[in-house]
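Colleague: Have a peek at final-v8.txt (compact mmCIF, C-alpha atoms and all ligand atoms).
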# COMPACT_ATOMS: atom_id res chain seq x y z
CA LEU Z 1 58.99 -42.48 -129.99
CA GLU Z 2 57.39 -45.67 -131.22
CA VAL Z 3 54.55 -45.26 -133.73
CA ASN Z 4 54.08 -48.97 -134.14
CA GLN Z 5 56.38 -51.87 -133.37
CA LEU Z 6 58.46 -51.24 -136.44
CA LEU Z 7 58.27 -47.53 -137.09
CA THR Z 8 59.53 -44.60 -135.08
CA LYS Z 9 58.71 -40.93 -135.65
CA SER Z 10 62.08 -40.62 -137.32
CA ASP Z 11 60.88 -43.28 -139.81
CA LEU Z 12 57.78 -41.22 -140.56
CA ALA Z 13 60.01 -38.28 -141.40
CA LYS Z 14 62.04 -40.54 -143.69
CA TYR Z 15 59.04 -42.30 -145.25
CA PRO Z 16 56.33 -39.63 -145.11
CA PHE Z 17 54.14 -41.35 -147.73
CA LEU Z 18 53.21 -44.14 -145.30
CA PRO Z 19 49.67 -44.11 -143.83
CA GLU Z 20 51.22 -43.93 -140.36
CA ALA Z 21 52.61 -40.51 -141.31
CA ALA Z 22 49.14 -39.36 -142.43
CA ASN Z 23 47.72 -40.54 -139.09
CA TYR Z 24 50.40 -38.66 -137.24
CA ILE Z 25 49.54 -35.48 -139.16
CA LYS Z 26 45.87 -35.98 -138.31
CA GLN Z 27 46.82 -36.07 -134.65
CA LEU Z 28 48.47 -32.67 -135.09
CA LEU Z 29 45.01 -31.43 -136.16
CA LEU Z 30 46.47 -29.84 -139.24
CA ASP Z 31 43.83 -28.37 -141.49
CA ILE Z 32 44.77 -27.03 -144.93
CA THR Z 33 42.27 -24.19 -144.71
CA GLU Z 34 44.09 -22.94 -141.64
CA LEU Z 35 47.54 -22.95 -143.16
CA SER Z 36 47.62 -19.18 -143.20
CA LYS Z 37 47.70 -19.10 -139.39
CA PRO Z 38 51.00 -17.87 -137.92
CA GLU Z 39 51.66 -21.21 -136.18
CA TYR Z 40 51.96 -22.92 -139.57
CA ARG Z 41 54.39 -20.39 -141.01
CA GLU Z 42 57.43 -22.52 -140.19
CA LEU Z 43 55.85 -25.49 -141.87
CA LEU Z 44 55.03 -23.57 -145.04
CA GLY Z 45 58.49 -22.05 -144.99
CA ASN Z 46 60.03 -25.51 -144.77
CA ALA Z 47 57.98 -26.75 -147.73
CA GLU Z 48 58.93 -23.64 -149.70
CA LYS Z 49 62.59 -24.25 -148.91
CA GLN Z 50 62.34 -27.78 -150.25
CA ILE Z 51 60.88 -26.52 -153.51
CA VAL Z 52 63.44 -23.73 -153.86
CA ASN Z 53 66.22 -26.28 -153.36
CA CYS Z 54 64.60 -28.58 -155.85
CA ILE Z 55 64.52 -25.79 -158.45
CA THR Z 56 67.84 -24.12 -157.79
CA LYS Z 57 70.09 -26.91 -156.50
CA ASN Z 58 68.43 -30.05 -157.84
CA SER Z 59 68.59 -31.44 -154.30
CA LEU Z 60 66.43 -31.65 -151.18
CA GLU Z 61 67.25 -30.96 -147.55
CA GLY Z 62 67.85 -33.95 -145.32
CA THR Z 63 65.49 -34.65 -142.44
CA THR Z 64 65.87 -33.14 -138.95
CA ASN Z 65 64.39 -34.42 -135.71
CA LYS Z 66 61.80 -31.65 -135.54
CA TYR Z 67 59.15 -34.20 -136.43
CA GLU Z 68 56.08 -31.96 -136.05
CA ILE Z 69 57.55 -29.90 -138.93
CA GLU Z 70 59.33 -32.60 -140.91
CA ILE Z 71 56.48 -35.07 -141.26
CA PRO Z 72 53.76 -32.66 -142.50
CA THR Z 73 56.26 -30.89 -144.78
CA PHE Z 74 55.84 -33.70 -147.31
CA PRO Z 75 52.08 -33.33 -147.97
CA ILE Z 76 52.39 -29.55 -147.93
CA THR Z 77 55.23 -29.67 -150.46
CA ILE Z 78 53.16 -32.00 -152.62
CA MET Z 79 50.20 -29.64 -152.41
CA LEU Z 80 52.28 -26.58 -153.33
CA ILE Z 81 53.90 -28.32 -156.31
CA ALA Z 82 50.55 -29.66 -157.48
CA ALA Z 83 49.18 -26.11 -157.27
CA ILE Z 84 52.14 -24.68 -159.20
CA GLY Z 85 51.06 -27.19 -161.84
CA ASP Z 86 54.32 -27.49 -163.78
CA SER Z 87 55.07 -30.97 -165.11
CA PHE Z 88 58.84 -30.42 -165.22
CA LEU Z 89 58.90 -29.47 -161.53
CA LYS Z 90 56.63 -32.39 -160.63
CA LYS Z 91 58.99 -34.86 -162.28
CA ARG Z 92 62.08 -33.26 -160.80
CA TYR Z 93 60.67 -33.28 -157.27
CA ALA Z 94 59.31 -36.84 -157.48
CA LEU Z 95 62.69 -38.09 -158.62
CA LEU Z 96 64.62 -36.22 -155.92
CA GLU Z 97 62.27 -37.29 -153.14
CA ALA Z 98 62.40 -40.92 -154.32
CA LYS Z 99 66.21 -40.82 -154.44
CA LYS Z 100 66.37 -39.34 -150.95
CA ILE Z 101 64.07 -42.07 -149.61
CA SER Z 102 66.04 -44.74 -151.42
CA GLN Z 103 69.21 -43.66 -149.59
CA PHE Z 104 67.45 -44.17 -146.26
CA LEU Z 105 66.20 -47.55 -147.41
CA GLN Z 106 69.69 -48.74 -148.19
CA GLU Z 107 70.52 -48.45 -144.49
CA GLU Z 108 67.43 -50.34 -143.31
CA LYS Z 109 67.05 -53.86 -142.01
CA PRO Z 110 65.17 -56.30 -144.29
CA GLU Z 111 62.06 -56.21 -142.05
CA LYS Z 112 61.57 -52.49 -142.62
CA ILE Z 113 62.16 -52.79 -146.34
CA MET Z 114 59.53 -55.54 -146.44
CA TYR Z 115 57.11 -53.36 -144.50
CA ILE Z 116 57.52 -50.48 -146.91
CA ALA Z 117 57.25 -52.81 -149.90
CA SER Z 118 54.00 -54.18 -148.45
CA PHE Z 119 52.53 -50.65 -148.65
CA PHE Z 120 52.86 -51.00 -152.42
CA LYS Z 121 51.36 -54.50 -152.21
CA TRP Z 122 54.55 -56.16 -153.37
CA ARG Z 123 54.68 -59.91 -153.03
CA ILE Z 124 58.12 -60.04 -151.46
CA LYS Z 125 59.77 -62.52 -149.13
CA GLN Z 126 62.93 -62.35 -147.16
CA LEU Z 127 65.42 -65.10 -147.86
CA LYS Z 128 66.61 -66.46 -144.58
CA ASN Z 129 69.27 -69.08 -143.90
CA GLN Z 130 70.97 -68.43 -147.20
CA PRO Z 131 74.43 -69.84 -147.73
CA PHE Z 132 77.09 -67.51 -146.36
CA HIS Z 133 78.27 -66.34 -149.77
CA SER Z 134 74.76 -65.67 -151.17
CA VAL Z 135 74.12 -62.13 -152.39
CA TYR Z 136 70.36 -62.56 -152.43
CA GLU Z 137 68.34 -61.27 -149.50
CA PHE Z 138 64.87 -61.19 -151.06
CA LYS Z 139 62.65 -62.85 -153.60
CA LEU Z 140 60.01 -60.85 -155.39
CA HIS Z 141 57.07 -61.90 -157.54
CA PHE Z 142 58.10 -61.39 -161.16
CA ALA Z 143 55.06 -59.17 -161.94
CA ASP Z 144 56.08 -56.73 -159.17
CA TYR Z 145 59.60 -56.88 -160.49
CA LEU Z 146 58.55 -56.09 -164.06
CA LYS Z 147 56.21 -53.31 -162.96
CA ASN Z 148 59.24 -51.28 -161.89
CA SER Z 149 62.20 -52.62 -163.83
CA THR Z 150 61.07 -52.12 -167.43
CA ILE Z 151 62.13 -48.48 -167.33
CA PHE Z 152 65.77 -49.49 -166.66
CA HIS Z 153 67.88 -50.11 -169.71
CA GLU Z 154 70.94 -51.80 -168.22
CA LYS Z 155 71.20 -55.44 -169.18
CA LYS Z 156 71.12 -56.71 -165.60
CA TRP Z 157 67.48 -55.64 -165.26
CA LYS Z 158 66.27 -57.84 -168.10
CA LEU Z 159 64.31 -60.69 -166.56
CA ILE Z 160 66.30 -63.16 -168.60
CA ASN Z 161 69.46 -62.12 -166.76
CA ARG Z 162 67.91 -62.74 -163.34
CA HIS Z 163 67.94 -65.76 -161.11
CA MET Z 164 64.31 -66.91 -160.95
CA LYS Z 165 62.43 -69.80 -159.39
CA GLY Z 166 58.70 -70.46 -159.20
CA GLY Z 167 57.81 -67.03 -160.59
CA GLU Z 168 59.96 -65.24 -158.04
CA VAL Z 169 63.06 -63.17 -158.77
CA PHE Z 170 66.01 -63.44 -156.39
CA LEU Z 171 67.40 -60.03 -155.54
CA PRO Z 172 70.08 -58.36 -153.44
CA LYS Z 173 69.04 -55.51 -151.16
CA ALA Z 174 70.51 -52.83 -153.44
CA ASP Z 175 68.27 -53.92 -156.31
CA VAL Z 176 65.18 -54.08 -154.10
CA THR Z 177 65.77 -50.52 -152.92
CA ARG Z 178 66.32 -49.38 -156.51
CA LEU Z 179 63.00 -50.94 -157.53
CA LEU Z 180 61.30 -49.38 -154.52
CA GLU Z 181 62.76 -46.03 -155.50
CA GLU Z 182 61.04 -46.33 -158.86
CA GLU Z 183 57.76 -47.37 -157.21
CA ILE Z 184 57.98 -44.37 -154.84
CA ARG Z 185 58.81 -41.99 -157.69
CA LYS Z 186 55.68 -43.09 -159.58
CA TYR Z 187 53.61 -42.87 -156.41
CA ILE Z 188 54.74 -39.30 -155.73
CA GLU Z 189 54.15 -38.30 -159.35
CA LYS Z 190 50.60 -39.60 -159.02
CA LYS Z 191 50.09 -37.69 -155.77
CA LEU Z 192 51.20 -34.53 -157.56
CA GLU Z 193 48.28 -34.92 -159.96
CA ALA Z 194 45.69 -34.91 -157.17
CA GLU Z 195 43.09 -32.18 -157.02
CA ILE Z 196 44.01 -29.17 -154.92
CA PRO Z 197 41.62 -27.88 -152.28
CA THR Z 198 40.80 -24.17 -152.20
CA LEU Z 199 43.77 -22.53 -150.62
CA PRO Z 200 43.95 -19.45 -148.41
CA ASN Z 201 45.32 -16.30 -150.09
CA GLU Z 202 48.50 -16.34 -148.02
CA VAL Z 203 49.33 -19.79 -149.39
CA LYS Z 204 48.62 -18.59 -152.92
CA GLU Z 205 51.35 -16.00 -152.41
CA TYR Z 206 53.85 -18.81 -151.77
CA ILE Z 207 52.70 -20.49 -154.96
CA GLU Z 208 53.10 -17.33 -157.04
CA ARG Z 209 56.59 -16.71 -155.63
CA LEU Z 210 57.66 -20.21 -156.52
CA ARG Z 211 56.09 -19.97 -159.98
CA THR Z 212 58.10 -16.81 -160.68
CA LEU Z 213 61.30 -18.48 -159.50
CA LEU Z 214 60.65 -21.51 -161.66
CA LYS Z 215 59.89 -19.41 -164.71
CA SER Z 216 63.14 -17.49 -164.36
CA ARG Z 217 65.18 -20.72 -164.16
CA LYS Z 218 63.28 -23.09 -166.41
CA ARG Z 219 65.21 -22.84 -169.65
CA LYS Z 220 68.52 -23.21 -167.82
CA LEU Z 221 67.19 -26.21 -165.91
CA GLN Z 222 65.98 -27.97 -169.03
CA GLN Z 223 69.34 -27.35 -170.64
CA GLU Z 224 71.10 -28.82 -167.57
CA GLU Z 225 69.36 -32.10 -168.20
CA LEU Z 226 70.89 -32.48 -171.62
CA PRO Z 227 74.37 -33.90 -172.15
CA ARG Z 228 77.14 -31.34 -172.63
CA THR Z 229 78.24 -32.63 -176.00
CA VAL Z 230 75.91 -33.42 -178.89
CA LEU Z 231 75.32 -37.18 -179.05
CA THR Z 232 74.21 -38.01 -182.57
CA GLU Z 233 73.68 -41.64 -181.50
CA ALA Z 234 70.91 -40.41 -179.17
CA PHE Z 235 68.97 -38.64 -181.96
CA PRO Z 236 65.41 -39.88 -182.51
CA PRO Z 237 64.72 -41.62 -185.85
CA CYS Z 238 63.07 -38.49 -187.32
CA MET Z 239 66.08 -36.27 -186.61
CA LYS Z 240 68.56 -38.95 -187.61
CA THR Z 241 66.90 -39.13 -191.04
CA LEU Z 242 66.88 -35.35 -191.50
CA TYR Z 243 70.47 -35.07 -190.27
CA GLU Z 244 71.65 -37.75 -192.70
CA MET Z 245 69.70 -36.11 -195.53
CA VAL Z 246 71.57 -32.85 -194.89
CA LEU Z 247 74.91 -34.66 -194.73
CA ARG Z 248 74.12 -36.22 -198.11
CA GLY Z 249 73.33 -32.74 -199.45
CA GLN Z 250 69.66 -33.56 -199.99
CA HIS Z 251 66.97 -30.90 -200.04
CA LEU Z 252 64.85 -30.39 -196.90
CA SER Z 253 61.41 -28.78 -196.95
CA HIS Z 254 60.91 -25.63 -194.91
CA ILE Z 255 59.32 -27.46 -191.96
CA GLU Z 256 61.96 -30.23 -192.04
CA ARG Z 257 64.70 -27.65 -191.95
CA PHE Z 258 62.96 -25.85 -189.07
CA ALA Z 259 62.52 -29.10 -187.11
CA LEU Z 260 66.15 -30.14 -187.52
CA THR Z 261 67.60 -26.70 -186.79
CA THR Z 262 65.54 -26.18 -183.63
CA PHE Z 263 66.45 -29.69 -182.50
CA LEU Z 264 70.18 -29.23 -183.08
CA ILE Z 265 70.21 -25.85 -181.35
CA ASN Z 266 68.34 -27.24 -178.35
CA VAL Z 267 70.68 -30.20 -177.93
CA GLY Z 268 73.57 -27.78 -177.75
CA MET Z 269 74.97 -27.40 -181.28
CA THR Z 270 76.26 -23.87 -181.90
CA PRO Z 271 74.53 -21.74 -184.58
CA GLU Z 272 77.87 -21.64 -186.47
CA ASN Z 273 78.06 -25.43 -186.60
CA VAL Z 274 74.44 -25.73 -187.71
CA THR Z 275 75.11 -23.22 -190.51
CA THR Z 276 78.22 -25.17 -191.55
CA LEU Z 277 76.19 -28.38 -191.57
CA PHE Z 278 73.75 -26.93 -194.09
CA LYS Z 279 76.66 -25.91 -196.35
CA THR Z 280 76.52 -29.25 -198.13
CA SER Z 281 72.87 -28.63 -199.02
CA THR Z 282 72.21 -28.07 -202.74
CA ASP Z 283 70.28 -24.84 -202.16
CA PHE Z 284 72.67 -23.38 -199.56
CA ASN Z 285 72.69 -19.63 -199.18
CA GLU Z 286 75.10 -18.76 -196.37
CA LYS Z 287 73.68 -15.36 -195.46
CA MET Z 288 70.11 -16.59 -195.42
CA THR Z 289 70.92 -19.79 -193.51
CA LYS Z 290 72.96 -17.90 -190.91
CA TYR Z 291 70.10 -15.43 -190.46
CA GLN Z 292 67.51 -18.19 -190.05
CA VAL Z 293 69.64 -20.27 -187.67
CA GLU Z 294 70.47 -17.30 -185.47
CA HIS Z 295 66.82 -16.31 -185.41
CA ILE Z 296 65.86 -19.82 -184.29
CA ALA Z 297 68.65 -19.83 -181.67
CA GLY Z 298 67.30 -16.55 -180.27
CA THR Z 299 70.56 -14.68 -180.84
CA ARG Z 300 68.84 -12.27 -183.21
CA GLY Z 301 65.34 -10.90 -183.76
CA SER Z 302 62.77 -11.72 -181.11
CA ARG Z 303 65.45 -13.25 -178.80
CA THR Z 304 63.20 -16.26 -178.35
CA LYS Z 305 64.84 -19.62 -178.70
CA TYR Z 306 62.48 -21.84 -180.69
CA MET Z 307 61.64 -25.39 -179.70
CA PRO Z 308 61.36 -28.30 -182.15
CA PRO Z 309 57.78 -29.35 -183.02
CA LYS Z 310 56.08 -31.99 -180.88
CA CYS Z 311 55.79 -35.56 -182.22
CA ASP Z 312 52.12 -34.92 -183.08
CA THR Z 313 53.07 -32.00 -185.29
CA MET Z 314 55.93 -33.99 -186.80
CA ARG Z 315 53.43 -36.72 -187.69
CA THR Z 316 51.01 -34.21 -189.24
CA HIS Z 317 53.81 -32.99 -191.49
CA ASN Z 318 54.89 -36.51 -192.31
CA ILE Z 319 58.38 -36.04 -190.84
CA CYS Z 320 57.84 -38.85 -188.34
CA ARG Z 321 58.16 -41.85 -190.62
CA GLU Z 322 59.95 -44.55 -188.68
CA THR Z 323 59.62 -44.95 -184.94
CA ASP Z 324 61.17 -47.21 -182.32
CA THR Z 325 60.31 -48.37 -178.80
CA ILE Z 326 61.48 -45.14 -177.13
CA CYS Z 327 59.15 -43.18 -179.44
CA GLN Z 328 56.20 -44.97 -177.84
CA LYS Z 329 57.08 -43.50 -174.46
CA ILE Z 330 57.62 -39.85 -175.41
CA ARG Z 331 55.76 -37.00 -177.06
CA HIS Z 332 58.63 -34.75 -178.02
CA PRO Z 333 61.85 -35.41 -179.96
CA LEU Z 334 63.84 -33.68 -177.19
CA SER Z 335 62.41 -36.07 -174.60
CA TYR Z 336 63.59 -38.92 -176.81
CA TYR Z 337 67.08 -37.42 -176.88
CA LYS Z 338 67.15 -36.87 -173.11
CA ARG Z 339 66.07 -40.44 -172.46
CA LYS Z 340 68.42 -42.08 -174.90
CA SER Z 341 71.43 -39.99 -173.87
CA ARG Z 342 70.81 -40.94 -170.23
CA THR Z 343 70.78 -44.62 -171.15
CA ARG Z 344 73.89 -44.27 -173.23
CA LYS Z 345 75.66 -42.60 -170.32
CA LYS Z 346 74.65 -45.42 -168.00
CA ASP Z 347 75.66 -48.06 -170.55
CA SER Z 348 79.07 -46.51 -171.01
CA GLU Z 349 79.51 -46.27 -167.22
CA GLU Z 350 78.58 -49.94 -167.00
CA THR Z 351 81.09 -50.86 -169.68
CA LYS Z 352 83.74 -48.74 -168.00
CA SER Z 353 83.21 -50.42 -164.65
CA LYS Z 354 83.21 -53.84 -166.34
CA ASN Z 355 86.52 -53.00 -167.97
CA PHE Z 356 87.98 -52.29 -164.57
CA THR Z 357 86.80 -55.48 -162.92
S1 LIG U 401 57.76 -40.36 -182.44
FE1 LIG U 401 58.59 -38.34 -182.15
S2 LIG U 401 60.72 -38.67 -181.69
FE2 LIG U 401 59.98 -40.56 -182.55
S3 LIG U 401 60.46 -40.41 -184.70
FE3 LIG U 401 58.39 -39.66 -184.44
S4 LIG U 401 58.58 -37.48 -184.16
FE4 LIG U 401 60.59 -38.35 -183.87
Step by step, read the file and then write its structure as structure tokens.

Modeller:
Amino acid sequence: LEVNQLLTKSDLAKYPFLPEAANYIKQLLLDITELSKPEYRELLGNAEKQIVNCITKNSLEGTTNKYEIEIPTFPITIMLIAAIGDSFLKKRYALLEAKKISQFLQEEKPEKIMYIASFFKWRIKQLKNQPFHSVYEFKLHFADYLKNSTIFHEKKWKLINRHMKGGEVFLPKADVTRLLEEEIRKYIEKKLEAEIPTLPNEVKEYIERLRTLLKSRKRKLQQEELPRTVLTEAFPPCMKTLYEMVLRGQHLSHIERFALTTFLINVGMTPENVTTLFKTSTDFNEKMTKYQVEHIAGTRGSRTKYMPPKCDTMRTHNICRETDTICQKIRHPLSYYKRKSRTRKKDSEETKSKNFT
């Protein structure tokens, strides 16, 4: 079963992004243009299953020991998702795959973790002969650390809170695997942007089926990602300003009112509550407001739920006046909200666990 001294075929199924896995697939003489052949049906079916699970269950299947199917499933899944061409699905899959891999990594010996880290050109060293009580197993060059940690908002990831010496950050295994998970997630996202070769018609049928499934579930999936209760503290600066203006009874222009209403509806506020919110407004007309809000919420008229304008549009209309660091990373006020509410959840979990220790 040995592929090289360190990796077995089971490892290639667990870490299918490694070049050794690509070599293994080459040995199977797998050619994309021949994917429509009956002998590859199981492989395509397996990749399809992964994507269906990703869409419907927000999870991926574990690996089996049918390596000739398991190992090539990864590039085929990547190819299918790239061909579907939906950025939401790409992100969702990359995150799930990276999380799955990270769970395997947590069980690995330091040598294997180092090997996988070396694929990403990390400058990492194992700390041997540490005192018995030491929690640190690795030291990592600070640039490699920063490359993957800046996305984390918990305080422990700030470089200033880390034990450092000679430009190297001392880390326990759990933190190294978390950083690797982020590196892998980015790597997979990049792979999903690769150009797609011309595919046989039979494969295109798989893609169309998956596109239809995704389309039927998309709105629900996006909603799932939002917190269940409205978190005003996670509002972006633009929406915070508009929200406070309404609370103060100030007048909002038509586009400002549209932006705020669509935002509030999309983060889960009920049309009734949005209507009540506007009650304090100087030019409040209950019937009219109720009609407009319900129209925007899709409960009346065209039955289409409207989305808030993108940041670009908000800027054009001069509604984006103040920005913060999160604004630099997003292009839509809802993405801001998603991001900030996730951080807030993590922060509160951190505080909770601190309170218990
Ligand atoms: S950048 Fe976007 S989210 Fe941030 S304040 Fe401007 S419009 Fe709002």

Colleague: What is the atom CA of Lys109 of chain Z to atom CA of Arg123 of chain Z distance in Å?

Modeller: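 Value for the atom CA of Lys109 of chain Z-atom CA of Arg123 of chain Z distance: 17.6 Å.
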
Colleague: At most 12 Å is the cut-off: for each residue in chain Z with any atom that close to an atom of ligand LIG 401 (chain U), write down the nearest atom pair and the distance in Å rounded to one decimal, counting all atoms listed in the file, chain first then increasing number, as a Markdown table.

Modeller:
| residue | atom | partner | partner_atom | distance |
| --- | --- | --- | --- | --- |
| Z:Ala234 | CA | U:LIG401 | S2 | 10.6 |
| Z:Phe235 | CA | U:LIG401 | S2 | 8.3 |
| Z:Pro236 | CA | U:LIG401 | S2 | 4.9 |
| Z:Pro237 | CA | U:LIG401 | S3 | 4.6 |
| Z:Cys238 | CA | U:LIG401 | S3 | 4.2 |
| Z:Met239 | CA | U:LIG401 | FE4 | 6.5 |
| Z:Lys240 | CA | U:LIG401 | S3 | 8.7 |
| Z:Thr241 | CA | U:LIG401 | S3 | 9.1 |
| Z:Leu242 | CA | U:LIG401 | FE4 | 10.3 |
| Z:Glu256 | CA | U:LIG401 | S4 | 11.2 |
| Z:Ala259 | CA | U:LIG401 | S4 | 9.7 |
| Z:Leu260 | CA | U:LIG401 | FE4 | 10.6 |
| Z:Phe263 | CA | U:LIG401 | FE4 | 10.5 |
| Z:Pro308 | CA | U:LIG401 | S4 | 9.8 |
| Z:Pro309 | CA | U:LIG401 | S4 | 8.2 |
| Z:Lys310 | CA | U:LIG401 | S4 | 6.9 |
| Z:Cys311 | CA | U:LIG401 | S4 | 3.9 |
| Z:Asp312 | CA | U:LIG401 | S4 | 7.0 |
| Z:Thr313 | CA | U:LIG401 | S4 | 7.9 |
| Z:Met314 | CA | U:LIG401 | S4 | 5.1 |
| Z:Arg315 | CA | U:LIG401 | S4 | 6.3 |
| Z:Thr316 | CA | U:LIG401 | S4 | 9.7 |
| Z:His317 | CA | U:LIG401 | S4 | 9.8 |
| Z:Asn318 | CA | U:LIG401 | S4 | 9.0 |
| Z:Ile319 | CA | U:LIG401 | S4 | 6.8 |
| Z:Cys320 | CA | U:LIG401 | FE3 | 4.0 |
| Z:Arg321 | CA | U:LIG401 | S3 | 6.5 |
| Z:Glu322 | CA | U:LIG401 | S3 | 5.8 |
| Z:Thr323 | CA | U:LIG401 | S3 | 4.6 |
| Z:Asp324 | CA | U:LIG401 | FE2 | 6.8 |
| Z:Thr325 | CA | U:LIG401 | FE2 | 8.7 |
| Z:Ile326 | CA | U:LIG401 | FE2 | 7.3 |
| Z:Cys327 | CA | U:LIG401 | FE2 | 4.2 |
| Z:Gln328 | CA | U:LIG401 | S1 | 6.7 |
| Z:Lys329 | CA | U:LIG401 | S1 | 8.6 |
| Z:Ile330 | CA | U:LIG401 | FE1 | 7.0 |
| Z:Arg331 | CA | U:LIG401 | FE1 | 6.0 |
| Z:His332 | CA | U:LIG401 | FE1 | 5.5 |
| Z:Pro333 | CA | U:LIG401 | S2 | 3.9 |
| Z:Leu334 | CA | U:LIG401 | S2 | 7.4 |
| Z:Ser335 | CA | U:LIG401 | S2 | 7.7 |
| Z:Tyr336 | CA | U:LIG401 | S2 | 5.7 |
| Z:Tyr337 | CA | U:LIG401 | S2 | 8.1 |
| Z:Lys338 | CA | U:LIG401 | S2 | 10.9 |
| Z:Arg339 | CA | U:LIG401 | S2 | 10.8 |
| Z:Lys340 | CA | U:LIG401 | S2 | 10.8 |

Colleague: Could you build a table of the residues in segment 148-255 of chain Z lying no more than 7 Å from segment 25-49 of chain Z, giving for each the nearest pair of atoms and their separation in Å rounded to one decimal place, using only C-alpha atoms, ordered by chain and ascending residue number, as CSV?

Modeller:
residue,atom,partner,partner_atom,distance
Z:Leu199,CA,Z:Thr33,CA,6.3
Z:Pro200,CA,Z:Thr33,CA,6.2
Z:Glu202,CA,Z:Ser36,CA,5.7
Z:Val203,CA,Z:Ser36,CA,6.5

Colleague: When you count all atoms listed in the file, which of these residues is closest to Ile81 of chain Z: Z:Asn161, Z:Gln103, Z:Thr63, Z:Gln50?

Modeller: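 Between Z:Asn161, Z:Gln103, Z:Thr63, Z:Gln50, the residue approaching Ile81 of chain Z most closely is Z:Gln50.
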
Colleague: Determine the nearest neighbour of Arg92 of chain Z from the options Z:Lys155, Z:Thr56, Z:Thr212, Z:Pro16, counting only C-alpha atoms.

Modeller: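 Between Z:Lys155, Z:Thr56, Z:Thr212, Z:Pro16, the residue approaching Arg92 of chain Z most closely is Z:Thr56.
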
Colleague: List as JSON, numbers by chain the protein and nucleic acid residues near Pro19 of chain Z, meaning an atom at most 12 Å away when only C-alpha atoms are counted, but skip any in the same chain fewer than 5 places from it.

Modeller: {"Z": [3, 4, 7, 11, 12, 24, 25, 26, 71, 75, 115, 116, 118, 119, 120]}

Colleague: Given only C-alpha atoms as the basis, pick out the residue of Z:Ile51, Z:Leu89, Z:Leu80, Z:Ile101 nearest to Arg185 of chain Z.

Modeller: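 With only C-alpha atoms as the atom set, the closest residue is Z:Ile101.
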
Colleague: Return as CSV the residues of segment 116-139 of chain Z lying at most 6 Å from segment 172-184 of chain Z, together with the closest atom-to-atom pair for each and the distance in Å to one decimal, counting all atoms listed in the file, with rows in chain order and ascending residue number.

Modeller:
residue,atom,partner,partner_atom,distance
Z:Val135,CA,Z:Pro172,CA,5.6
Z:Tyr136,CA,Z:Pro172,CA,4.3
Z:Glu137,CA,Z:Pro172,CA,5.2

Colleague: Can you spit out the residues from that selection as a short mmCIF file (atom, residue, chain, number, x, y, z; two decimals), keeping the file's coordinate frame, using C-alpha atoms?

Modeller:
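Output file out32.cif follows:
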data_model
loop_
_atom_site.label_atom_id
_atom_site.label_comp_id
_atom_site.auth_asym_id
_atom_site.auth_seq_id
_atom_site.Cartn_x
_atom_site.Cartn_y
_atom_site.Cartn_z
CA VAL Z 135 74.12 -62.13 -152.39
CA TYR Z 136 70.36 -62.56 -152.43
CA GLU Z 137 68.34 -61.27 -149.50
#

Colleague: Under the rule that all atoms listed in the file are counted, which of Z:Ile188, Z:Met164, Z:Leu247, Z:Ile151 is the nearest residue to Phe17 of chain Z?

Modeller: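 Under the stated criterion, the closest residue is Z:Ile188.
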
Colleague: Could you tell me how far atom CA of Thr261 of chain Z sits from atom CA of Lys279 of chain Z, in Å to one decimal place?

Modeller: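 Result for atom CA of Lys279 of chain Z versus atom CA of Thr261 of chain Z: 13.2 Å, one decimal.
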
Colleague: Calculated over only C-alpha atoms, which of the candidates Z:Leu192, Z:Ala82, Z:Ile69, Z:Val169 has the smallest distance to Ser10 of chain Z?

Modeller: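 Residue with the minimum atom-to-atom distance to Ser10 of chain Z: Z:Ile69.
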
Colleague: Please, which residues are within 12 Å of (65.9, -25.1, -183.4) by the file's coordinates, counting all atoms listed in the file, and could they come as a ChimeraX atom specification?

Modeller: /Z:239,255-271,274-275,292-299,304-309,333-334

Colleague: Quick one: segment 86-93 of chain Z with N, CA and C atoms, as a PDB file, keeping the file's coordinate frame?

Modeller:
ATOM      1  N   ASP Z  86      53.338 -27.402-162.698  1.00  0.00           N
ATOM      2  CA  ASP Z  86      54.320 -27.490-163.780  1.00  0.00           C
ATOM      3  C   ASP Z  86      54.853 -28.938-163.862  1.00  0.00           C
ATOM      4  N   SER Z  87      54.721 -29.550-165.028  1.00  0.00           N
ATOM      5  CA  SER Z  87      55.070 -30.970-165.110  1.00  0.00           C
ATOM      6  C   SER Z  87      56.575 -31.207-164.952  1.00  0.00           C
ATOM      7  N   PHE Z  88      57.380 -30.267-165.388  1.00  0.00           N
ATOM      8  CA  PHE Z  88      58.840 -30.420-165.220  1.00  0.00           C
ATOM      9  C   PHE Z  88      59.196 -30.457-163.731  1.00  0.00           C
ATOM     10  N   LEU Z  89      58.615 -29.528-162.971  1.00  0.00           N
ATOM     11  CA  LEU Z  89      58.900 -29.470-161.530  1.00  0.00           C
ATOM     12  C   LEU Z  89      58.374 -30.733-160.821  1.00  0.00           C
ATOM     13  N   LYS Z  90      57.205 -31.179-161.248  1.00  0.00           N
ATOM     14  CA  LYS Z  90      56.630 -32.390-160.630  1.00  0.00           C
ATOM     15  C   LYS Z  90      57.588 -33.566-160.796  1.00  0.00           C
ATOM     16  N   LYS Z  91      58.082 -33.742-161.992  1.00  0.00           N
ATOM     17  CA  LYS Z  91      58.990 -34.860-162.280  1.00  0.00           C
ATOM     18  C   LYS Z  91      60.297 -34.715-161.487  1.00  0.00           C
ATOM     19  N   ARG Z  92      60.806 -33.506-161.480  1.00  0.00           N
ATOM     20  CA  ARG Z  92      62.080 -33.260-160.800  1.00  0.00           C
ATOM     21  C   ARG Z  92      61.958 -33.550-159.302  1.00  0.00           C
ATOM     22  N   TYR Z  93      60.858 -33.071-158.705  1.00  0.00           N
ATOM     23  CA  TYR Z  93      60.670 -33.280-157.270  1.00  0.00           C
ATOM     24  C   TYR Z  93      60.456 -34.771-156.963  1.00  0.00           C
TER      25      TYR Z  93
END
